[in-house]
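For reference, the structure discussed in these notes is given below.
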Amino acid sequence: MKSETSESKGNPKPEYGSDLMVDLLKALDIEYVALNPGATCRGIHDSIVNYGGNKNPEVILCNHEEMAVSLAQGYTKAALRPMVAMVHDIVGLLHATMAIYLAWLDQTPVLVLGGTGPMPYENRRPRIDWIHTALVQGNQVRDYVKWDDQPASLGSVPDAFFRAYRIATTEPRGPVYLCLDAGLQESKLTNPIELPSVSRYAAPSPPQADPAAIEKAADLLVQAQHPVVIADYMGRNPSAVTSLVELAELLSLPVLDACSRFNIPNQHPMDLTGAEAELLKEADVVLALDASDLYKALTKTDRVARRGIYMIPRQTKIIDISLRDTMIRSWSQHIGQLQEIDIAIIGDTSLALPALVAACKKAMTKSTGVDYKKRFETLRLRHEELRRQWEQAVVRTREEKPISLPRLASDLWEVVKDYDWVLVNRLLQRWTRRLWEWTKSSQYPGIPEGQGGVGYGIAHSLGGALAHKGTDRLCIDIQPDGDCLYAATALWTAAHHKIPLLVVMFNNRSYYNSQDHQATTAKERNRPTTNAGIGTSIDNPPVDFARLAQSLGVYGEGPIEEPAQLKPALERAVKHVMEEKACALVDVITQPR
């Protein structure tokens with residue numbers, strides 16, 4: 001965060017309330033503001049482009065408020081600093097709510113600014129300012145933001161901005177919402193408002209775990225014969241990844257990556273992601289690290305009965321280190337079913353893991369009866385066997401049509417592996433993690449896959465690519481077809497702002513998850529599954545995504561249906577992205593799974 005104001009850097013003296021707000025955004029080092037324009041934000045919009053020179057922050061024009069928030073979410077995770085999304089009063093906020101909720105689930109500190117019609121009755125235009133003014137507007141999102149505020153005076157605005165930034169960036173992180181009265185934005189500054197040093201409003205240091213609980217956890221882990229680690233949001237802090245690798249090597253611990261963030265390099269011999277059922281059924285101790293839903297992590301889903309079936313034995317000891325209980329809301333039951341836990345530890349894993357490593361080293365000085373070297377070798381061989389199985393799947397399905405997911409992941413890897421790549425959306429049913437080489441946190445900022453919210457993908461990807469604009473990194477969006485159709489005009493934003501992004505359509509011409517549910521339900525009821533595509537298939541006519549992209553100013557190629565044509569098409573698209581520094585889309589017709 002910066003402490004300079006526009007005036008201190010030689011810019012004009014602020015004249016309006018919205019000028020003050022832009023000075024605050026500059027002080028907070030906000031690089032971009034994603035928005036769809038509206039009258040209640042016209043004051044701050046004018047101040048960004050005229051008073052602030054459309055530079056730090058710069059406006060990113062989106063065609064829907066949900067896109068604006070999703071784009072800010074993707075940027076925030078890739079850049080490791082917050083971005084602002086601005087939404088127009090009630091109607092814009094209502095459009096944005098799905099994306100705000102998804103940012104809440106994804107623990108992403110997006111700063112959402114909104115306008116509202118003037119609160120004083122005498123300043124409202126007939127009808128329009130009345131139907132666009134709420135008491136209070138934050139009620140729309142209060143259950144899924146960390147904090148909201150609606151400052152009533154210009155003197156209150158600095159406090160509101162600084163508090164919002166501080167709360168959003170305090171662990172566990174999440175979105176915040178500030179409602180800015182249009183009258184305040186447009187009012188003249190009669191007295192100067194001095195901005196204090198932003199550094200004195202920084203987020204507090206993260207909480208350390210209870211040392212006594214850490215020692216108990218270490219005692220359990222060093223004595224365990226079949227321990228398992230489940231890592232979920234742990235990798236939001238890259239330093240935690242280093243500590244987890246050290247712990248895994250120290251005790252020969254198999255790690256299962258839930259993939260909400262980059263948690264462990266997939267080439268590491270202790271990465272056993274993919275062997276969940278096998279390892280958990282024998283587990284005597286499970287260490288869960290930042291599990292957003294611990295019950296889900298320990299169970300497999302019976303899709304017919306809509307219930308979880310435990311993969312662990314009843315007697316398995318569970319150690320849980322997270323900040324999950326500090327983010328509970330009554331409205332959204334997003335933390336899942338209440339789970340029995342033997343050692344529950346509230347603490348930031350980036351601090352707790354180094355302490356746990358030290359405690360384990362101390363506990364290992366006593367006799368444990370565990371052959372750590374033998375266990376390491378057994379797990380290493382299992383790791384290698386998993387990778388062999390996945391490579392064989394590529395060979396086995398290489399000529400299949402529609403194009404198989406292993407073939408798509410494999411060909412894409414061959415094209416991108418020599419670049420400094422970043423996967424900003426989707427895992428292609430985890431085939432990218434199975435077949436690619438994941439070595440560093442920057443390659444995968446994490447995606448909220450499996451949390452609902454169809455339509456976030458393309459804008460979320462643009463945000464991730466925007467964070468790397470001006471670098472030589474190749475950002476990759478594996479883009480489902482139905483998800484893209486929710487927000488296809490985000491491609492125009494990519495073209496307009498020249499955001500370099502490779503979009504690879506994962507096009508199965510269906511809302512396939514729902515189609516699979518329909519087939520499952522029909523089968524359970526002894527009814528024909530042949531009708532599962534009615535109301536779920538995106539066909540007849542099929543969408544021509546390449547021409548759609550071209551119409552919005554983006555390079556488009558496809559549909560690619562022949563396996564032999566896949567790699568050359570991907571190579572041409574990557575060349576366009578890297579040479580033109582622009583977006584390119586390749587439409588690939590794939591199998592559903």
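Ligands are numbered from 1 in the order shown, residues from 1 within each chain, and chains are lettered A, B, ... in the order they appear in the structure tokens.
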Next on the checklist: Need to verify the contact set: Lys373 in chain A, 10 Å, only C-alpha atoms, exclusion of same-chain residues closer than 2 positions in sequence. Can you return it as JSON, numbers by chain?
Outcome noted: {"A": [249, 250, 251, 252, 370, 371, 375, 376, 377, 378, 379]}
Next on the checklist: Set the distance at 6 Å and use only C-alpha atoms: which residues neighbour range 532-535 of chain A once local chain neighbours fewer than 6 positions away are removed? I'd like the list as an MDAnalysis selection string.
Outcome noted: chainID A and resid 515 518:519
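With only C-alpha atoms as the basis for measurement, A:Asp23 is the residue among A:Ala34, A:Asp23, A:Ile60, A:Tyr555 that approaches Ser47 in chain A most closely.
Residues of range 240-398 of chain A that DSSP, applied to the backbone, places in strand (DSSP E): Val255, Leu256, Asp257, Val285, Val286, Leu287, Ala288, Leu289, Thr299, Lys300, Thr301, Asp302, Arg307, Gly308, Ile309, Tyr310, Lys317, Ile318, Ile319, Asp320, Ile321, Ser322, Ile343, Ala344, Ile345 and Ile346 of chain A.
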Selection export as a PDB file, in the first residue's frame, atoms kept: N, CA and C atoms:
```pdb
ATOM      1  N   VAL A 255       0.211 -36.806   0.804  1.00  0.00           N
ATOM      2  CA  VAL A 255      -0.585 -35.576   0.753  1.00  0.00           C
ATOM      3  C   VAL A 255      -1.639 -35.699  -0.328  1.00  0.00           C
ATOM      4  N   LEU A 256      -2.881 -35.408   0.022  1.00  0.00           N
ATOM      5  CA  LEU A 256      -3.994 -35.355  -0.920  1.00  0.00           C
ATOM      6  C   LEU A 256      -4.354 -33.890  -1.126  1.00  0.00           C
ATOM      7  N   ASP A 257      -4.223 -33.408  -2.344  1.00  0.00           N
ATOM      8  CA  ASP A 257      -4.465 -32.005  -2.665  1.00  0.00           C
ATOM      9  C   ASP A 257      -5.909 -31.839  -3.119  1.00  0.00           C
ATOM     10  N   VAL A 285      -4.558 -41.624  11.222  1.00  0.00           N
ATOM     11  CA  VAL A 285      -4.555 -40.200  11.566  1.00  0.00           C
ATOM     12  C   VAL A 285      -4.705 -39.393  10.283  1.00  0.00           C
ATOM     13  N   VAL A 286      -5.605 -38.414  10.299  1.00  0.00           N
ATOM     14  CA  VAL A 286      -5.769 -37.488   9.178  1.00  0.00           C
ATOM     15  C   VAL A 286      -5.452 -36.086   9.670  1.00  0.00           C
ATOM     16  N   LEU A 287      -4.551 -35.419   8.951  1.00  0.00           N
ATOM     17  CA  LEU A 287      -4.245 -34.009   9.213  1.00  0.00           C
ATOM     18  C   LEU A 287      -4.895 -33.175   8.124  1.00  0.00           C
ATOM     19  N   ALA A 288      -5.900 -32.382   8.483  1.00  0.00           N
ATOM     20  CA  ALA A 288      -6.606 -31.524   7.522  1.00  0.00           C
ATOM     21  C   ALA A 288      -6.088 -30.102   7.643  1.00  0.00           C
ATOM     22  N   LEU A 289      -5.700 -29.522   6.513  1.00  0.00           N
ATOM     23  CA  LEU A 289      -5.120 -28.185   6.481  1.00  0.00           C
ATOM     24  C   LEU A 289      -6.000 -27.248   5.669  1.00  0.00           C
ATOM     25  N   THR A 299     -15.350 -37.859   2.917  1.00  0.00           N
ATOM     26  CA  THR A 299     -16.416 -38.723   2.412  1.00  0.00           C
ATOM     27  C   THR A 299     -16.429 -38.761   0.887  1.00  0.00           C
ATOM     28  N   LYS A 300     -17.115 -39.730   0.353  1.00  0.00           N
ATOM     29  CA  LYS A 300     -17.466 -39.754  -1.058  1.00  0.00           C
ATOM     30  C   LYS A 300     -18.974 -39.624  -1.145  1.00  0.00           C
ATOM     31  N   THR A 301     -19.450 -39.100  -2.261  1.00  0.00           N
ATOM     32  CA  THR A 301     -20.858 -38.746  -2.368  1.00  0.00           C
ATOM     33  C   THR A 301     -21.671 -39.847  -3.037  1.00  0.00           C
ATOM     34  N   ASP A 302     -22.749 -40.234  -2.381  1.00  0.00           N
ATOM     35  CA  ASP A 302     -23.762 -41.091  -2.999  1.00  0.00           C
ATOM     36  C   ASP A 302     -24.727 -40.161  -3.720  1.00  0.00           C
ATOM     37  N   ARG A 307     -26.018 -38.107  -0.036  1.00  0.00           N
ATOM     38  CA  ARG A 307     -25.371 -38.154   1.274  1.00  0.00           C
ATOM     39  C   ARG A 307     -23.912 -38.555   1.106  1.00  0.00           C
ATOM     40  N   GLY A 308     -23.143 -38.276   2.151  1.00  0.00           N
ATOM     41  CA  GLY A 308     -21.741 -38.658   2.141  1.00  0.00           C
ATOM     42  C   GLY A 308     -21.526 -40.004   2.793  1.00  0.00           C
ATOM     43  N   ILE A 309     -20.572 -40.758   2.274  1.00  0.00           N
ATOM     44  CA  ILE A 309     -20.192 -42.050   2.846  1.00  0.00           C
ATOM     45  C   ILE A 309     -18.730 -41.941   3.267  1.00  0.00           C
ATOM     46  N   TYR A 310     -18.450 -42.142   4.526  1.00  0.00           N
ATOM     47  CA  TYR A 310     -17.098 -41.970   5.031  1.00  0.00           C
ATOM     48  C   TYR A 310     -16.119 -42.913   4.341  1.00  0.00           C
ATOM     49  N   LYS A 317      -8.148 -40.902  13.943  1.00  0.00           N
ATOM     50  CA  LYS A 317      -7.977 -39.646  14.664  1.00  0.00           C
ATOM     51  C   LYS A 317      -7.858 -38.505  13.657  1.00  0.00           C
ATOM     52  N   ILE A 318      -8.525 -37.386  13.946  1.00  0.00           N
ATOM     53  CA  ILE A 318      -8.562 -36.259  13.022  1.00  0.00           C
ATOM     54  C   ILE A 318      -7.960 -35.022  13.685  1.00  0.00           C
ATOM     55  N   ILE A 319      -6.978 -34.440  13.000  1.00  0.00           N
ATOM     56  CA  ILE A 319      -6.383 -33.164  13.411  1.00  0.00           C
ATOM     57  C   ILE A 319      -6.796 -32.120  12.386  1.00  0.00           C
ATOM     58  N   ASP A 320      -7.387 -31.051  12.831  1.00  0.00           N
ATOM     59  CA  ASP A 320      -7.883 -30.005  11.918  1.00  0.00           C
ATOM     60  C   ASP A 320      -7.229 -28.679  12.262  1.00  0.00           C
ATOM     61  N   ILE A 321      -6.481 -28.122  11.305  1.00  0.00           N
ATOM     62  CA  ILE A 321      -5.893 -26.792  11.479  1.00  0.00           C
ATOM     63  C   ILE A 321      -6.498 -25.873  10.430  1.00  0.00           C
ATOM     64  N   SER A 322      -7.218 -24.848  10.862  1.00  0.00           N
ATOM     65  CA  SER A 322      -7.878 -23.949   9.914  1.00  0.00           C
ATOM     66  C   SER A 322      -8.371 -22.719  10.651  1.00  0.00           C
ATOM     67  N   ILE A 343      -8.398 -33.218  17.502  1.00  0.00           N
ATOM     68  CA  ILE A 343      -7.614 -32.036  17.865  1.00  0.00           C
ATOM     69  C   ILE A 343      -7.995 -30.919  16.896  1.00  0.00           C
ATOM     70  N   ALA A 344      -8.766 -29.947  17.392  1.00  0.00           N
ATOM     71  CA  ALA A 344      -9.214 -28.820  16.571  1.00  0.00           C
ATOM     72  C   ALA A 344      -8.354 -27.608  16.908  1.00  0.00           C
ATOM     73  N   ILE A 345      -7.684 -27.079  15.886  1.00  0.00           N
ATOM     74  CA  ILE A 345      -6.739 -25.987  16.098  1.00  0.00           C
ATOM     75  C   ILE A 345      -7.119 -24.807  15.208  1.00  0.00           C
ATOM     76  N   ILE A 346      -7.373 -23.667  15.832  1.00  0.00           N
ATOM     77  CA  ILE A 346      -7.574 -22.440  15.063  1.00  0.00           C
ATOM     78  C   ILE A 346      -6.221 -21.751  14.908  1.00  0.00           C
TER      79      ILE A 346
END
```
Checklist entry - Which of range 392-486 of chain A counts as helix (DSSP H, G or I) under DSSP, as an MDAnalysis selection string please? => result chainID A and resid 392:396 405:416 431:435 441:443 457:467 481:486
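Nearest residue to Met505 in chain A, choosing from A:Gly52, A:Gly457, A:Pro158, A:Gly464 and counting only C-alpha atoms: A:Gly457.
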Output as a Markdown table one row per residue of range 110-221 of chain A within 7 Å of range 84-98 of chain A: the closest atom pair and its distance in Å to one decimal place, counting only C-alpha atoms, sorted by chain and residue number ascending.
```
| residue | atom | partner | partner_atom | distance |
| --- | --- | --- | --- | --- |
| A:Val110 | CA | A:Val84 | CA | 6.2 |
| A:Leu111 | CA | A:Val84 | CA | 4.7 |
| A:Val112 | CA | A:Ala85 | CA | 4.9 |
| A:Leu113 | CA | A:Met86 | CA | 4.7 |
| A:Gly114 | CA | A:Val87 | CA | 4.8 |
| A:Gly115 | CA | A:Asp89 | CA | 4.6 |
| A:Thr116 | CA | A:Asp89 | CA | 4.5 |
| A:His132 | CA | A:Ile90 | CA | 5.5 |
| A:Thr133 | CA | A:Ile90 | CA | 6.7 |
| A:Gln137 | CA | A:Ile90 | CA | 6.9 |
| A:Val141 | CA | A:Thr97 | CA | 6.8 |
```
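Candidate residues A:Arg387, A:Lys77, A:His45, A:Arg398 were compared for distance to His460 in chain A, and the nearest is A:Lys77, using only C-alpha atoms.
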Hey, which bits of range 73-189 of chain A sit within 12 Å of range 413-437 of chain A, and for each residue what's the closest pair of atoms and how far apart in Å (one decimal), counting only C-alpha atoms, rows by chain and increasing number, as JSON lines?
```
{"residue": "A:Gln73", "atom": "CA", "partner": "A:Val424", "partner_atom": "CA", "distance": 11.1}
{"residue": "A:Gly74", "atom": "CA", "partner": "A:Val424", "partner_atom": "CA", "distance": 7.5}
{"residue": "A:Tyr75", "atom": "CA", "partner": "A:Val424", "partner_atom": "CA", "distance": 9.6}
{"residue": "A:Thr76", "atom": "CA", "partner": "A:Val424", "partner_atom": "CA", "distance": 11.7}
{"residue": "A:Lys77", "atom": "CA", "partner": "A:Val424", "partner_atom": "CA", "distance": 9.5}
{"residue": "A:Ala78", "atom": "CA", "partner": "A:Val424", "partner_atom": "CA", "distance": 8.1}
{"residue": "A:Ala79", "atom": "CA", "partner": "A:Val424", "partner_atom": "CA", "distance": 11.7}
```
N, CA and C atoms of the current selection, written as a PDB file, in the first residue's frame:
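So the final result, stored in result-v6.pdb, reads:
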```
ATOM      1  N   GLN A  73     -11.968 -11.038  -8.778  1.00  0.00           N
ATOM      2  CA  GLN A  73     -11.610 -12.222  -7.989  1.00  0.00           C
ATOM      3  C   GLN A  73     -10.400 -12.933  -8.604  1.00  0.00           C
ATOM      4  N   GLY A  74     -10.442 -13.150  -9.922  1.00  0.00           N
ATOM      5  CA  GLY A  74      -9.330 -13.815 -10.589  1.00  0.00           C
ATOM      6  C   GLY A  74      -8.043 -13.017 -10.487  1.00  0.00           C
ATOM      7  N   TYR A  75      -8.136 -11.704 -10.653  1.00  0.00           N
ATOM      8  CA  TYR A  75      -6.956 -10.831 -10.532  1.00  0.00           C
ATOM      9  C   TYR A  75      -6.375 -10.903  -9.131  1.00  0.00           C
ATOM     10  N   THR A  76      -7.232 -10.801  -8.129  1.00  0.00           N
ATOM     11  CA  THR A  76      -6.783 -10.742  -6.740  1.00  0.00           C
ATOM     12  C   THR A  76      -5.967 -11.967  -6.364  1.00  0.00           C
ATOM     13  N   LYS A  77      -6.390 -13.141  -6.811  1.00  0.00           N
ATOM     14  CA  LYS A  77      -5.659 -14.364  -6.469  1.00  0.00           C
ATOM     15  C   LYS A  77      -4.344 -14.466  -7.224  1.00  0.00           C
ATOM     16  N   ALA A  78      -4.345 -14.040  -8.488  1.00  0.00           N
ATOM     17  CA  ALA A  78      -3.124 -14.137  -9.289  1.00  0.00           C
ATOM     18  C   ALA A  78      -2.106 -13.076  -8.902  1.00  0.00           C
ATOM     19  N   ALA A  79      -2.580 -11.871  -8.597  1.00  0.00           N
ATOM     20  CA  ALA A  79      -1.677 -10.762  -8.261  1.00  0.00           C
ATOM     21  C   ALA A  79      -1.286 -10.735  -6.790  1.00  0.00           C
TER      22      ALA A  79
END
```
Checklist entry - Got a sec: who's within 10 Å of Val136 in chain A, counting only C-alpha atoms, leaving out chain neighbours fewer than 2 positions off, as a ChimeraX atom specification? => result /A:116,119,133-134,138-140,149-150,179
Next on the checklist: For range 578-584 of chain A, find every residue with an atom within 12 Å (counting only C-alpha atoms), except residues of its own chain fewer than 5 positions away, and show them as a ChimeraX atom specification.
Outcome noted: /A:416,419-421,458,461-462,465-466,468-477,490-505,545-550,552-558,569-573
Next on the checklist: Could you check the closest approach to Asp544 in chain A for each of A:Glu385, A:Asp481, A:Asp516, A:Asp148 and tell me which residue wins, using only C-alpha atoms?
Outcome noted: A:Asp481
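Closest approach to Val586 in chain A from the set A:Gly463, A:Pro568, A:Pro445, A:Gly235 is made by A:Pro568, with distances taken over only C-alpha atoms.
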Next on the checklist: When you look at Pro172 in chain A with a cut-off of 10 Å (counting only C-alpha atoms), what residues show up, excluding the ones that are within fewer than 6 positions of it in the same chain? I need them as a PyMOL selection string.
Outcome noted: chain A and resi 107-109+146+206-207+290+322-327+347-348
Please produce a file of those selected residues containing N, CA and C atoms, as a tab-separated table (two decimals), in the first residue's frame.
```
chain	number	residue	atom	x	y	z
A	107	GLN	N	-12.65	-17.33	-0.44
A	107	GLN	CA	-11.78	-16.60	0.48
A	107	GLN	C	-10.90	-15.58	-0.25
A	108	THR	N	-11.56	-14.77	-1.10
A	108	THR	CA	-10.83	-13.81	-1.94
A	108	THR	C	-11.20	-12.38	-1.54
A	109	PRO	N	-10.20	-11.54	-1.22
A	109	PRO	CA	-10.48	-10.19	-0.71
A	109	PRO	C	-10.78	-9.17	-1.81
A	146	LYS	N	-17.38	-10.03	4.37
A	146	LYS	CA	-16.81	-9.93	5.71
A	146	LYS	C	-17.29	-8.68	6.43
A	206	PRO	N	-1.22	-12.73	11.05
A	206	PRO	CA	-2.14	-13.86	11.17
A	206	PRO	C	-2.01	-14.56	12.52
A	207	PRO	N	-3.05	-15.27	12.96
A	207	PRO	CA	-3.04	-15.90	14.29
A	207	PRO	C	-2.22	-17.19	14.29
A	290	ASP	N	-6.64	-26.32	6.36
A	290	ASP	CA	-7.52	-25.33	5.73
A	290	ASP	C	-8.59	-25.99	4.87
A	322	SER	N	-7.22	-24.85	10.86
A	322	SER	CA	-7.88	-23.95	9.91
A	322	SER	C	-8.37	-22.72	10.65
A	323	LEU	N	-8.92	-21.79	9.87
A	323	LEU	CA	-9.62	-20.62	10.40
A	323	LEU	C	-11.10	-20.68	10.05
A	324	ARG	N	-11.54	-21.86	9.68
A	324	ARG	CA	-12.91	-22.05	9.18
A	324	ARG	C	-13.97	-21.54	10.16
A	325	ASP	N	-13.78	-21.81	11.45
A	325	ASP	CA	-14.82	-21.44	12.42
A	325	ASP	C	-14.95	-19.94	12.62
A	326	THR	N	-14.00	-19.17	12.11
A	326	THR	CA	-14.10	-17.72	12.23
A	326	THR	C	-14.89	-17.12	11.06
A	327	MET	N	-15.32	-17.93	10.12
A	327	MET	CA	-16.06	-17.44	8.94
A	327	MET	C	-17.47	-18.01	8.87
A	347	GLY	N	-5.83	-21.53	13.68
A	347	GLY	CA	-4.56	-20.88	13.42
A	347	GLY	C	-4.30	-20.81	11.94
A	348	ASP	N	-3.42	-19.90	11.55
A	348	ASP	CA	-3.03	-19.77	10.15
A	348	ASP	C	-2.00	-20.84	9.84
```
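You will find CA of Leu272 in chain A at 5.7 Å from CA of His383 in chain A.
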Checklist entry - If we count only C-alpha atoms, what is near Glu400 in chain A at a cut-off of 12 Å, once residues fewer than 3 positions away on the same chain are taken out, given as a PyMOL selection string? => result chain A and resi 393-397+403-408+561-564+589-591
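Nearest to Gln392 in chain A of all the residues A:Ser410, A:Ile478, A:Asn237, A:Asn531 is A:Ser410, based on only C-alpha atoms.
CA of Trp390 in chain A to CA of Phe506 in chain A spans 19.2 Å [interatomic distance, one decimal].
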All residues 8 Å or closer to Tyr511 in chain A, only C-alpha atoms, same chain fewer than 2 positions away omitted, as a compact mmCIF listing (two decimals) with C-alpha atoms, in the first residue's frame:
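Result file follows (around_18.txt):
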```txt
# COMPACT_ATOMS: atom_id res chain seq x y z
CA GLY A 482 -22.21 -23.74 -20.71
CA ARG A 509 -22.23 -29.43 -25.94
CA ASN A 513 -23.33 -32.26 -14.75
CA SER A 514 -27.09 -31.78 -14.88
CA GLN A 515 -27.41 -34.26 -17.73
CA THR A 536 -29.52 -30.02 -20.67
CA SER A 537 -28.00 -30.47 -24.15
CA ILE A 538 -26.45 -27.38 -25.80
```
